[in-house]
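Asks: Contents of target-v2.pdb (PDB, N, CA and C atoms) are below:
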```
ATOM      1  N   MET A   1     -13.206 -41.641  67.098
ATOM      2  CA  MET A   1     -12.241 -40.776  66.475
ATOM      3  C   MET A   1     -11.692 -39.788  67.498
ATOM      4  N   SER A   2     -10.753 -40.219  68.305
ATOM      5  CA  SER A   2     -10.197 -39.314  69.294
ATOM      6  C   SER A   2      -8.725 -39.621  69.499
ATOM      7  N   GLY A   3      -8.045 -38.755  70.193
ATOM      8  CA  GLY A   3      -6.642 -38.959  70.485
ATOM      9  C   GLY A   3      -5.765 -38.562  69.321
ATOM     10  N   LYS A   4      -4.576 -39.140  69.300
ATOM     11  CA  LYS A   4      -3.625 -38.824  68.246
ATOM     12  C   LYS A   4      -2.956 -40.108  67.780
ATOM     13  N   VAL A   5      -2.331 -40.037  66.640
ATOM     14  CA  VAL A   5      -1.601 -41.161  66.072
ATOM     15  C   VAL A   5      -0.143 -40.750  65.967
ATOM     16  N   THR A   6       0.747 -41.578  66.470
ATOM     17  CA  THR A   6       2.176 -41.274  66.419
ATOM     18  C   THR A   6       2.803 -41.873  65.165
ATOM     19  N   LYS A   7       4.022 -41.440  64.883
ATOM     20  CA  LYS A   7       4.742 -41.987  63.738
ATOM     21  C   LYS A   7       4.941 -43.488  63.917
ATOM     22  N   ALA A   8       5.228 -43.922  65.132
ATOM     23  CA  ALA A   8       5.418 -45.355  65.404
ATOM     24  C   ALA A   8       4.145 -46.144  65.096
ATOM     25  N   GLU A   9       2.987 -45.586  65.412
ATOM     26  CA  GLU A   9       1.724 -46.265  65.124
ATOM     27  C   GLU A   9       1.457 -46.319  63.619
ATOM     28  N   ILE A  10       1.865 -45.287  62.894
ATOM     29  CA  ILE A  10       1.730 -45.301  61.432
ATOM     30  C   ILE A  10       2.626 -46.383  60.846
ATOM     31  N   ILE A  11       3.845 -46.477  61.352
ATOM     32  CA  ILE A  11       4.779 -47.508  60.889
ATOM     33  C   ILE A  11       4.198 -48.892  61.138
ATOM     34  N   ASP A  12       3.644 -49.112  62.334
ATOM     35  CA  ASP A  12       3.035 -50.412  62.658
ATOM     36  C   ASP A  12       1.862 -50.724  61.730
ATOM     37  N   ALA A  13       1.024 -49.722  61.448
ATOM     38  CA  ALA A  13      -0.133 -49.931  60.575
ATOM     39  C   ALA A  13       0.319 -50.285  59.157
ATOM     40  N   LEU A  14       1.341 -49.593  58.663
ATOM     41  CA  LEU A  14       1.857 -49.896  57.327
ATOM     42  C   LEU A  14       2.508 -51.281  57.294
ATOM     43  N   TYR A  15       3.160 -51.640  58.370
ATOM     44  CA  TYR A  15       3.767 -52.974  58.464
ATOM     45  C   TYR A  15       2.690 -54.057  58.360
ATOM     46  N   GLU A  16       1.585 -53.855  59.060
ATOM     47  CA  GLU A  16       0.480 -54.822  59.034
ATOM     48  C   GLU A  16      -0.146 -54.918  57.640
ATOM     49  N   LYS A  17      -0.279 -53.773  56.955
ATOM     50  CA  LYS A  17      -0.921 -53.752  55.638
ATOM     51  C   LYS A  17       0.002 -54.248  54.530
ATOM     52  N   LEU A  18       1.272 -53.854  54.585
ATOM     53  CA  LEU A  18       2.178 -54.094  53.465
ATOM     54  C   LEU A  18       3.187 -55.210  53.698
ATOM     55  N   HIS A  19       3.369 -55.592  54.953
ATOM     56  CA  HIS A  19       4.328 -56.640  55.333
ATOM     57  C   HIS A  19       5.741 -56.333  54.832
ATOM     58  N   LEU A  20       6.101 -55.050  54.874
ATOM     59  CA  LEU A  20       7.464 -54.630  54.566
ATOM     60  C   LEU A  20       8.258 -54.570  55.859
ATOM     61  N   ASN A  21       9.556 -54.476  55.745
ATOM     62  CA  ASN A  21      10.433 -54.367  56.893
ATOM     63  C   ASN A  21      10.143 -53.059  57.638
ATOM     64  N   ARG A  22       9.973 -53.124  58.968
ATOM     65  CA  ARG A  22       9.680 -51.913  59.760
ATOM     66  C   ARG A  22      10.765 -50.850  59.588
ATOM     67  N   LYS A  23      12.023 -51.304  59.535
ATOM     68  CA  LYS A  23      13.131 -50.359  59.394
ATOM     69  C   LYS A  23      13.033 -49.615  58.056
ATOM     70  N   ASP A  24      12.669 -50.320  56.988
ATOM     71  CA  ASP A  24      12.519 -49.689  55.678
ATOM     72  C   ASP A  24      11.362 -48.686  55.678
ATOM     73  N   ILE A  25      10.258 -49.059  56.325
ATOM     74  CA  ILE A  25       9.109 -48.147  56.422
ATOM     75  C   ILE A  25       9.514 -46.887  57.185
ATOM     76  N   HIS A  26      10.243 -47.072  58.285
ATOM     77  CA  HIS A  26      10.700 -45.945  59.109
ATOM     78  C   HIS A  26      11.592 -45.015  58.285
ATOM     79  N   LEU A  27      12.535 -45.593  57.535
ATOM     80  CA  LEU A  27      13.430 -44.785  56.697
ATOM     81  C   LEU A  27      12.647 -44.031  55.626
ATOM     82  N   LEU A  28      11.672 -44.687  55.039
ATOM     83  CA  LEU A  28      10.864 -44.053  54.002
ATOM     84  C   LEU A  28      10.066 -42.872  54.563
ATOM     85  N   ILE A  29       9.423 -43.064  55.703
ATOM     86  CA  ILE A  29       8.634 -41.986  56.316
ATOM     87  C   ILE A  29       9.535 -40.829  56.721
ATOM     88  N   ASP A  30      10.674 -41.142  57.353
ATOM     89  CA  ASP A  30      11.622 -40.076  57.726
ATOM     90  C   ASP A  30      12.103 -39.323  56.489
ATOM     91  N   GLY A  31      12.381 -40.048  55.406
ATOM     92  CA  GLY A  31      12.833 -39.419  54.171
ATOM     93  C   GLY A  31      11.761 -38.524  53.567
ATOM     94  N   LEU A  32      10.509 -38.979  53.591
ATOM     95  CA  LEU A  32       9.396 -38.184  53.073
ATOM     96  C   LEU A  32       9.245 -36.893  53.862
ATOM     97  N   ILE A  33       9.265 -36.994  55.173
ATOM     98  CA  ILE A  33       9.115 -35.808  56.024
ATOM     99  C   ILE A  33      10.272 -34.837  55.789
ATOM    100  N   GLU A  34      11.498 -35.346  55.701
ATOM    101  CA  GLU A  34      12.671 -34.492  55.454
ATOM    102  C   GLU A  34      12.554 -33.795  54.106
ATOM    103  N   GLU A  35      12.118 -34.535  53.099
ATOM    104  CA  GLU A  35      11.984 -33.965  51.752
ATOM    105  C   GLU A  35      10.937 -32.854  51.737
ATOM    106  N   ILE A  36       9.818 -33.062  52.422
ATOM    107  CA  ILE A  36       8.781 -32.024  52.502
ATOM    108  C   ILE A  36       9.340 -30.792  53.220
ATOM    109  N   LYS A  37      10.023 -31.006  54.359
ATOM    110  CA  LYS A  37      10.606 -29.874  55.100
ATOM    111  C   LYS A  37      11.617 -29.114  54.256
ATOM    112  N   ASP A  38      12.537 -29.843  53.626
ATOM    113  CA  ASP A  38      13.573 -29.189  52.810
ATOM    114  C   ASP A  38      12.950 -28.396  51.661
ATOM    115  N   SER A  39      11.916 -28.960  51.050
ATOM    116  CA  SER A  39      11.274 -28.291  49.919
ATOM    117  C   SER A  39      10.583 -26.999  50.344
ATOM    118  N   ILE A  40       9.783 -27.052  51.408
ATOM    119  CA  ILE A  40       9.067 -25.825  51.796
ATOM    120  C   ILE A  40      10.016 -24.785  52.363
ATOM    121  N   LEU A  41      11.060 -25.229  53.069
ATOM    122  CA  LEU A  41      12.032 -24.254  53.578
ATOM    123  C   LEU A  41      12.866 -23.673  52.445
ATOM    124  N   GLY A  42      12.908 -24.368  51.315
ATOM    125  CA  GLY A  42      13.602 -23.872  50.134
ATOM    126  C   GLY A  42      12.711 -22.997  49.260
ATOM    127  N   GLY A  43      11.518 -22.689  49.744
ATOM    128  CA  GLY A  43      10.631 -21.788  49.023
ATOM    129  C   GLY A  43       9.690 -22.470  48.046
ATOM    130  N   LYS A  44       9.662 -23.792  48.050
ATOM    131  CA  LYS A  44       8.778 -24.507  47.140
ATOM    132  C   LYS A  44       7.484 -24.886  47.846
ATOM    133  N   THR A  45       6.441 -25.115  47.069
ATOM    134  CA  THR A  45       5.166 -25.610  47.575
ATOM    135  C   THR A  45       5.119 -27.094  47.287
ATOM    136  N   VAL A  46       4.708 -27.890  48.269
ATOM    137  CA  VAL A  46       4.608 -29.343  48.094
ATOM    138  C   VAL A  46       3.139 -29.708  48.005
ATOM    139  N   GLU A  47       2.752 -30.252  46.853
ATOM    140  CA  GLU A  47       1.354 -30.636  46.636
ATOM    141  C   GLU A  47       1.253 -32.151  46.558
ATOM    142  N   LEU A  48       0.456 -32.725  47.450
ATOM    143  CA  LEU A  48       0.182 -34.158  47.435
ATOM    144  C   LEU A  48      -1.282 -34.310  47.059
ATOM    145  N   ARG A  49      -1.538 -34.628  45.811
ATOM    146  CA  ARG A  49      -2.923 -34.683  45.301
ATOM    147  C   ARG A  49      -3.769 -35.644  46.120
ATOM    148  N   GLY A  50      -4.976 -35.215  46.415
ATOM    149  CA  GLY A  50      -5.892 -36.011  47.218
ATOM    150  C   GLY A  50      -5.666 -35.836  48.713
ATOM    151  N   PHE A  51      -4.558 -35.198  49.090
ATOM    152  CA  PHE A  51      -4.270 -34.993  50.511
ATOM    153  C   PHE A  51      -4.219 -33.515  50.845
ATOM    154  N   GLY A  52      -3.243 -32.795  50.278
ATOM    155  CA  GLY A  52      -3.160 -31.372  50.563
ATOM    156  C   GLY A  52      -1.852 -30.761  50.126
ATOM    157  N   THR A  53      -1.659 -29.499  50.508
ATOM    158  CA  THR A  53      -0.506 -28.718  50.096
ATOM    159  C   THR A  53       0.203 -28.139  51.316
ATOM    160  N   PHE A  54       1.527 -28.281  51.323
ATOM    161  CA  PHE A  54       2.371 -27.701  52.370
ATOM    162  C   PHE A  54       3.100 -26.512  51.770
ATOM    163  N   GLU A  55       3.181 -25.417  52.527
ATOM    164  CA  GLU A  55       3.879 -24.232  52.034
ATOM    165  C   GLU A  55       4.272 -23.341  53.210
ATOM    166  N   ILE A  56       5.133 -22.378  52.903
ATOM    167  CA  ILE A  56       5.495 -21.357  53.887
ATOM    168  C   ILE A  56       4.697 -20.102  53.534
ATOM    169  N   ARG A  57       4.041 -19.531  54.523
ATOM    170  CA  ARG A  57       3.346 -18.250  54.350
ATOM    171  C   ARG A  57       4.067 -17.228  55.214
ATOM    172  N   PHE A  58       4.098 -16.000  54.732
ATOM    173  CA  PHE A  58       4.809 -14.957  55.465
ATOM    174  C   PHE A  58       3.831 -14.037  56.179
ATOM    175  N   ARG A  59       4.154 -13.742  57.421
ATOM    176  CA  ARG A  59       3.329 -12.869  58.255
ATOM    177  C   ARG A  59       4.075 -11.559  58.490
ATOM    178  N   LYS A  60       3.327 -10.472  58.438
ATOM    179  CA  LYS A  60       3.910  -9.166  58.737
ATOM    180  C   LYS A  60       4.131  -9.044  60.234
ATOM    181  N   GLY A  61       5.210  -8.380  60.595
ATOM    182  CA  GLY A  61       5.490  -8.137  62.000
ATOM    183  C   GLY A  61       4.609  -7.023  62.557
ATOM    184  N   ARG A  62       4.596  -6.940  63.871
ATOM    185  CA  ARG A  62       3.829  -5.863  64.521
ATOM    186  C   ARG A  62       4.667  -5.303  65.659
ATOM    187  N   LYS A  63       4.592  -3.975  65.808
ATOM    188  CA  LYS A  63       5.334  -3.350  66.902
ATOM    189  C   LYS A  63       4.651  -3.589  68.236
ATOM    190  N   ARG A  64       3.309  -3.664  68.199
ATOM    191  CA  ARG A  64       2.576  -3.860  69.446
ATOM    192  C   ARG A  64       1.801  -5.174  69.377
ATOM    193  N   ALA A  65       2.409  -6.223  69.909
ATOM    194  CA  ALA A  65       1.739  -7.513  70.035
ATOM    195  C   ALA A  65       1.743  -7.860  71.516
ATOM    196  N   ARG A  66       1.142  -8.969  71.869
ATOM    197  CA  ARG A  66       1.050  -9.344  73.275
ATOM    198  C   ARG A  66       1.428 -10.808  73.431
ATOM    199  N   ASN A  67       2.258 -11.096  74.413
ATOM    200  CA  ASN A  67       2.576 -12.479  74.741
ATOM    201  C   ASN A  67       1.327 -13.075  75.392
ATOM    202  N   PRO A  68       0.695 -14.090  74.775
ATOM    203  CA  PRO A  68      -0.564 -14.610  75.315
ATOM    204  C   PRO A  68      -0.408 -15.273  76.679
ATOM    205  N   LYS A  69       0.797 -15.719  76.997
ATOM    206  CA  LYS A  69       1.013 -16.388  78.278
ATOM    207  C   LYS A  69       1.122 -15.391  79.433
ATOM    208  N   THR A  70       1.872 -14.302  79.187
ATOM    209  CA  THR A  70       2.135 -13.353  80.274
ATOM    210  C   THR A  70       1.360 -12.050  80.137
ATOM    211  N   GLY A  71       0.856 -11.773  78.941
ATOM    212  CA  GLY A  71       0.169 -10.511  78.709
ATOM    213  C   GLY A  71       1.130  -9.367  78.442
ATOM    214  N   GLU A  72       2.430  -9.646  78.500
ATOM    215  CA  GLU A  72       3.458  -8.633  78.310
ATOM    216  C   GLU A  72       3.499  -8.166  76.855
ATOM    217  N   PRO A  73       3.586  -6.852  76.625
ATOM    218  CA  PRO A  73       3.683  -6.354  75.247
ATOM    219  C   PRO A  73       5.042  -6.723  74.644
ATOM    220  N   VAL A  74       5.030  -7.167  73.390
ATOM    221  CA  VAL A  74       6.250  -7.515  72.675
ATOM    222  C   VAL A  74       6.123  -7.032  71.239
ATOM    223  N   SER A  75       7.279  -6.912  70.561
ATOM    224  CA  SER A  75       7.226  -6.611  69.129
ATOM    225  C   SER A  75       7.568  -7.899  68.386
ATOM    226  N   VAL A  76       6.937  -8.080  67.241
ATOM    227  CA  VAL A  76       7.128  -9.289  66.449
ATOM    228  C   VAL A  76       7.624  -8.882  65.073
ATOM    229  N   GLU A  77       8.729  -9.469  64.630
ATOM    230  CA  GLU A  77       9.286  -9.166  63.312
ATOM    231  C   GLU A  77       8.540  -9.954  62.235
ATOM    232  N   ASP A  78       8.740  -9.554  60.970
ATOM    233  CA  ASP A  78       8.207 -10.339  59.857
ATOM    234  C   ASP A  78       8.749 -11.757  59.995
ATOM    235  N   HIS A  79       7.922 -12.749  59.678
ATOM    236  CA  HIS A  79       8.365 -14.135  59.834
ATOM    237  C   HIS A  79       7.549 -15.081  58.950
ATOM    238  N   GLY A  80       8.096 -16.263  58.742
ATOM    239  CA  GLY A  80       7.402 -17.279  57.971
ATOM    240  C   GLY A  80       6.741 -18.288  58.900
ATOM    241  N   VAL A  81       5.659 -18.872  58.442
ATOM    242  CA  VAL A  81       4.985 -19.939  59.194
ATOM    243  C   VAL A  81       4.680 -21.083  58.227
ATOM    244  N   ALA A  82       4.819 -22.306  58.719
ATOM    245  CA  ALA A  82       4.486 -23.472  57.914
ATOM    246  C   ALA A  82       2.963 -23.594  57.869
ATOM    247  N   ALA A  83       2.435 -23.859  56.679
ATOM    248  CA  ALA A  83       0.980 -23.947  56.510
ATOM    249  C   ALA A  83       0.626 -25.206  55.738
ATOM    250  N   PHE A  84      -0.546 -25.755  56.049
ATOM    251  CA  PHE A  84      -1.082 -26.912  55.335
ATOM    252  C   PHE A  84      -2.499 -26.582  54.899
ATOM    253  N   ARG A  85      -2.784 -26.806  53.629
ATOM    254  CA  ARG A  85      -4.141 -26.648  53.106
ATOM    255  C   ARG A  85      -4.623 -28.014  52.669
ATOM    256  N   PRO A  86      -5.713 -28.496  53.220
ATOM    257  CA  PRO A  86      -6.199 -29.809  52.803
ATOM    258  C   PRO A  86      -6.676 -29.774  51.355
ATOM    259  N   GLY A  87      -6.476 -30.894  50.666
ATOM    260  CA  GLY A  87      -6.965 -31.022  49.299
ATOM    261  C   GLY A  87      -8.470 -31.219  49.288
ATOM    262  N   ARG A  88      -9.059 -31.119  48.120
ATOM    263  CA  ARG A  88     -10.516 -31.214  47.984
ATOM    264  C   ARG A  88     -11.040 -32.543  48.544
ATOM    265  N   GLU A  89     -10.359 -33.642  48.210
ATOM    266  CA  GLU A  89     -10.811 -34.964  48.665
ATOM    267  C   GLU A  89     -10.823 -35.061  50.195
ATOM    268  N   LEU A  90      -9.750 -34.604  50.835
ATOM    269  CA  LEU A  90      -9.673 -34.636  52.297
ATOM    270  C   LEU A  90     -10.701 -33.692  52.917
ATOM    271  N   LYS A  91     -10.829 -32.504  52.330
ATOM    272  CA  LYS A  91     -11.776 -31.516  52.838
ATOM    273  C   LYS A  91     -13.211 -32.044  52.777
ATOM    274  N   THR A  92     -13.553 -32.669  51.657
ATOM    275  CA  THR A  92     -14.897 -33.215  51.473
ATOM    276  C   THR A  92     -15.170 -34.354  52.455
ATOM    277  N   SER A  93     -14.190 -35.231  52.634
ATOM    278  CA  SER A  93     -14.353 -36.347  53.570
ATOM    279  C   SER A  93     -14.511 -35.852  55.002
ATOM    280  N   ALA A  94     -13.728 -34.837  55.375
ATOM    281  CA  ALA A  94     -13.809 -34.294  56.728
ATOM    282  C   ALA A  94     -15.147 -33.598  56.964
ATOM    283  N   TRP A  95     -15.681 -32.954  55.924
ATOM    284  CA  TRP A  95     -16.943 -32.229  56.031
ATOM    285  C   TRP A  95     -18.073 -33.163  56.444
ATOM    286  N   ASP A  96     -18.029 -34.399  55.963
ATOM    287  CA  ASP A  96     -19.099 -35.358  56.216
ATOM    288  C   ASP A  96     -19.007 -36.028  57.587
ATOM    289  N   LEU A  97     -17.923 -35.786  58.331
ATOM    290  CA  LEU A  97     -17.776 -36.403  59.653
ATOM    291  C   LEU A  97     -18.737 -35.764  60.652
ATOM    292  N   LYS A  98     -19.244 -36.567  61.541
ATOM    293  CA  LYS A  98     -20.117 -36.081  62.618
ATOM    294  C   LYS A  98     -19.378 -36.217  63.933
ATOM    295  N   LYS A  99     -19.532 -35.241  64.789
ATOM    296  CA  LYS A  99     -18.892 -35.279  66.090
ATOM    297  C   LYS A  99     -19.618 -36.281  66.980
ATOM    298  N   THR A 100     -18.845 -37.148  67.636
ATOM    299  CA  THR A 100     -19.432 -38.109  68.563
ATOM    300  C   THR A 100     -19.176 -37.624  69.985
ATOM    301  N   PRO A 101     -19.979 -38.059  70.949
ATOM    302  CA  PRO A 101     -19.797 -37.597  72.334
ATOM    303  C   PRO A 101     -18.414 -37.878  72.902
ATOM    304  N   ALA A 102     -17.743 -38.935  72.422
ATOM    305  CA  ALA A 102     -16.420 -39.288  72.966
ATOM    306  C   ALA A 102     -15.305 -38.430  72.378
ATOM    307  N   THR A 103     -15.574 -37.651  71.346
ATOM    308  CA  THR A 103     -14.565 -36.833  70.713
ATOM    309  C   THR A 103     -14.305 -35.570  71.521
ATOM    310  N   PRO A 104     -13.041 -35.355  71.952
ATOM    311  CA  PRO A 104     -12.735 -34.129  72.712
ATOM    312  C   PRO A 104     -12.759 -32.914  71.797
ATOM    313  N   GLU A 105     -13.016 -31.746  72.370
ATOM    314  CA  GLU A 105     -13.058 -30.507  71.572
ATOM    315  C   GLU A 105     -11.718 -29.938  71.406
TER     316      GLU A 105
END
```
So that I can check it, write out the structure of this file as structure tokens.
Replies:
Amino acid sequence: MSGKVTKAEIIDALYEKLHLNRKDIHLLIDGLIEEIKDSILGGKTVELRGFGTFEIRFRKGRKRARNPKTGEPVSVEDHGVAAFRPGRELKTSAWDLKKTPATPE
């Protein structure tokens, strides 16, 4: 369990499992991602049962913050951040995973 999975690899995996047209799978995934983005940016919460919830959370600004790269003091305005909360099923499954030596930190 290491590395990352790209959208192209997800499309290939779905193609192998479902034997649907790759182009149709690609359009469906792009449409799903766009719909989730449009919904959360429109102030809605997107709940996918068994997986998790996407939402925008708002952070208060600070007059005295620090740029972590340069150490330079900066001020940060109030802003929104995209957030994901895993659902109970995903959280429970992840809890039972054990770290293997090949897994990077």
Asks: So that I can check the secondary structure, give me every residue of chain A assigned helix (DSSP H, G or I) by backbone DSSP, as a VMD selection string.
Replies: chain A and resid 7 to 18 22 to 41 88 to 95
Asks: May I have the selected residues written with N, CA and C atoms, as a short mmCIF file (atom, residue, chain, number, x, y, z; two decimals), in the frame of the given file?
Replies:
```cif
data_model
loop_
_atom_site.label_atom_id
_atom_site.label_comp_id
_atom_site.auth_asym_id
_atom_site.auth_seq_id
_atom_site.Cartn_x
_atom_site.Cartn_y
_atom_site.Cartn_z
N LYS A 7 4.02 -41.44 64.88
CA LYS A 7 4.74 -41.99 63.74
C LYS A 7 4.94 -43.49 63.92
N ALA A 8 5.23 -43.92 65.13
CA ALA A 8 5.42 -45.36 65.40
C ALA A 8 4.14 -46.14 65.10
N GLU A 9 2.99 -45.59 65.41
CA GLU A 9 1.72 -46.26 65.12
C GLU A 9 1.46 -46.32 63.62
N ILE A 10 1.86 -45.29 62.89
CA ILE A 10 1.73 -45.30 61.43
C ILE A 10 2.63 -46.38 60.85
N ILE A 11 3.84 -46.48 61.35
CA ILE A 11 4.78 -47.51 60.89
C ILE A 11 4.20 -48.89 61.14
N ASP A 12 3.64 -49.11 62.33
CA ASP A 12 3.04 -50.41 62.66
C ASP A 12 1.86 -50.72 61.73
N ALA A 13 1.02 -49.72 61.45
CA ALA A 13 -0.13 -49.93 60.58
C ALA A 13 0.32 -50.28 59.16
N LEU A 14 1.34 -49.59 58.66
CA LEU A 14 1.86 -49.90 57.33
C LEU A 14 2.51 -51.28 57.29
N TYR A 15 3.16 -51.64 58.37
CA TYR A 15 3.77 -52.97 58.46
C TYR A 15 2.69 -54.06 58.36
N GLU A 16 1.58 -53.86 59.06
CA GLU A 16 0.48 -54.82 59.03
C GLU A 16 -0.15 -54.92 57.64
N LYS A 17 -0.28 -53.77 56.96
CA LYS A 17 -0.92 -53.75 55.64
C LYS A 17 0.00 -54.25 54.53
N LEU A 18 1.27 -53.85 54.58
CA LEU A 18 2.18 -54.09 53.46
C LEU A 18 3.19 -55.21 53.70
N ARG A 22 9.97 -53.12 58.97
CA ARG A 22 9.68 -51.91 59.76
C ARG A 22 10.76 -50.85 59.59
N LYS A 23 12.02 -51.30 59.54
CA LYS A 23 13.13 -50.36 59.39
C LYS A 23 13.03 -49.62 58.06
N ASP A 24 12.67 -50.32 56.99
CA ASP A 24 12.52 -49.69 55.68
C ASP A 24 11.36 -48.69 55.68
N ILE A 25 10.26 -49.06 56.32
CA ILE A 25 9.11 -48.15 56.42
C ILE A 25 9.51 -46.89 57.18
N HIS A 26 10.24 -47.07 58.28
CA HIS A 26 10.70 -45.94 59.11
C HIS A 26 11.59 -45.02 58.28
N LEU A 27 12.54 -45.59 57.54
CA LEU A 27 13.43 -44.78 56.70
C LEU A 27 12.65 -44.03 55.63
N LEU A 28 11.67 -44.69 55.04
CA LEU A 28 10.86 -44.05 54.00
C LEU A 28 10.07 -42.87 54.56
N ILE A 29 9.42 -43.06 55.70
CA ILE A 29 8.63 -41.99 56.32
C ILE A 29 9.54 -40.83 56.72
N ASP A 30 10.67 -41.14 57.35
CA ASP A 30 11.62 -40.08 57.73
C ASP A 30 12.10 -39.32 56.49
N GLY A 31 12.38 -40.05 55.41
CA GLY A 31 12.83 -39.42 54.17
C GLY A 31 11.76 -38.52 53.57
N LEU A 32 10.51 -38.98 53.59
CA LEU A 32 9.40 -38.18 53.07
C LEU A 32 9.24 -36.89 53.86
N ILE A 33 9.26 -36.99 55.17
CA ILE A 33 9.12 -35.81 56.02
C ILE A 33 10.27 -34.84 55.79
N GLU A 34 11.50 -35.35 55.70
CA GLU A 34 12.67 -34.49 55.45
C GLU A 34 12.55 -33.80 54.11
N GLU A 35 12.12 -34.53 53.10
CA GLU A 35 11.98 -33.97 51.75
C GLU A 35 10.94 -32.85 51.74
N ILE A 36 9.82 -33.06 52.42
CA ILE A 36 8.78 -32.02 52.50
C ILE A 36 9.34 -30.79 53.22
N LYS A 37 10.02 -31.01 54.36
CA LYS A 37 10.61 -29.87 55.10
C LYS A 37 11.62 -29.11 54.26
N ASP A 38 12.54 -29.84 53.63
CA ASP A 38 13.57 -29.19 52.81
C ASP A 38 12.95 -28.40 51.66
N SER A 39 11.92 -28.96 51.05
CA SER A 39 11.27 -28.29 49.92
C SER A 39 10.58 -27.00 50.34
N ILE A 40 9.78 -27.05 51.41
CA ILE A 40 9.07 -25.82 51.80
C ILE A 40 10.02 -24.78 52.36
N LEU A 41 11.06 -25.23 53.07
CA LEU A 41 12.03 -24.25 53.58
C LEU A 41 12.87 -23.67 52.44
N ARG A 88 -9.06 -31.12 48.12
CA ARG A 88 -10.52 -31.21 47.98
C ARG A 88 -11.04 -32.54 48.54
N GLU A 89 -10.36 -33.64 48.21
CA GLU A 89 -10.81 -34.96 48.66
C GLU A 89 -10.82 -35.06 50.20
N LEU A 90 -9.75 -34.60 50.84
CA LEU A 90 -9.67 -34.64 52.30
C LEU A 90 -10.70 -33.69 52.92
N LYS A 91 -10.83 -32.50 52.33
CA LYS A 91 -11.78 -31.52 52.84
C LYS A 91 -13.21 -32.04 52.78
N THR A 92 -13.55 -32.67 51.66
CA THR A 92 -14.90 -33.22 51.47
C THR A 92 -15.17 -34.35 52.46
N SER A 93 -14.19 -35.23 52.63
CA SER A 93 -14.35 -36.35 53.57
C SER A 93 -14.51 -35.85 55.00
N ALA A 94 -13.73 -34.84 55.38
CA ALA A 94 -13.81 -34.29 56.73
C ALA A 94 -15.15 -33.60 56.96
N TRP A 95 -15.68 -32.95 55.92
CA TRP A 95 -16.94 -32.23 56.03
C TRP A 95 -18.07 -33.16 56.44
#
```
Asks: With all atoms listed in the file as the counted atoms, please give the residues lying no more than 8 Å from A:Val81, apart from itself and same-chain residues fewer than 6 positions off, as a list of chain:residue names.
Replies: A:Glu55, A:Ile56, A:Arg57, A:Phe58, A:Arg59
Asks: Apply the PyMOL selection byres ((chain A and resi 77) around 6.5) to the file shown and report the selected residues as a list in words.
Replies: Arg59, Lys60, Gly61, Arg62, Ser75, Val76, Asp78 and His79 of chain A
Asks: I'd like the interatomic distance between atom CA of A:Thr45 and atom CA of A:Gly31, to a tenth of an Å.
Replies: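 Pair atom CA of A:Thr45 / atom CA of A:Gly31 returns 17.1 Å.
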Asks: Please report the interatomic distance between atom C of A:Ile33 and atom N of A:Lys4 in Å with one decimal.
Replies: 20.5 Å
Asks: Between atom CA of A:Asp38 and atom N of A:Phe54, measure the distance and give it in Å to one decimal.
Replies: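 Atom N of A:Phe54 lies at a distance of 12.2 Å from atom CA of A:Asp38.
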Asks: Counting only C-alpha atoms, which residue out of A:Lys17, A:Arg85, A:Lys91, A:Lys98 sits closest to A:Gly52?
Replies: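 Of the candidates, the smallest distance to A:Gly52 is held by A:Arg85.
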Asks: Using only C-alpha atoms, can you tell me which of A:Glu89, A:Asp96, A:Gly3, A:Glu16 comes closest to A:Leu48?
Replies: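 That would be A:Glu89, the residue with the smallest distance to A:Leu48.
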Asks: Between A:Asp24, A:Lys69, A:Ile40, A:Ala94, which one has atoms that come closest to A:Ala82, using all atoms listed in the file?
Replies: A:Ile40
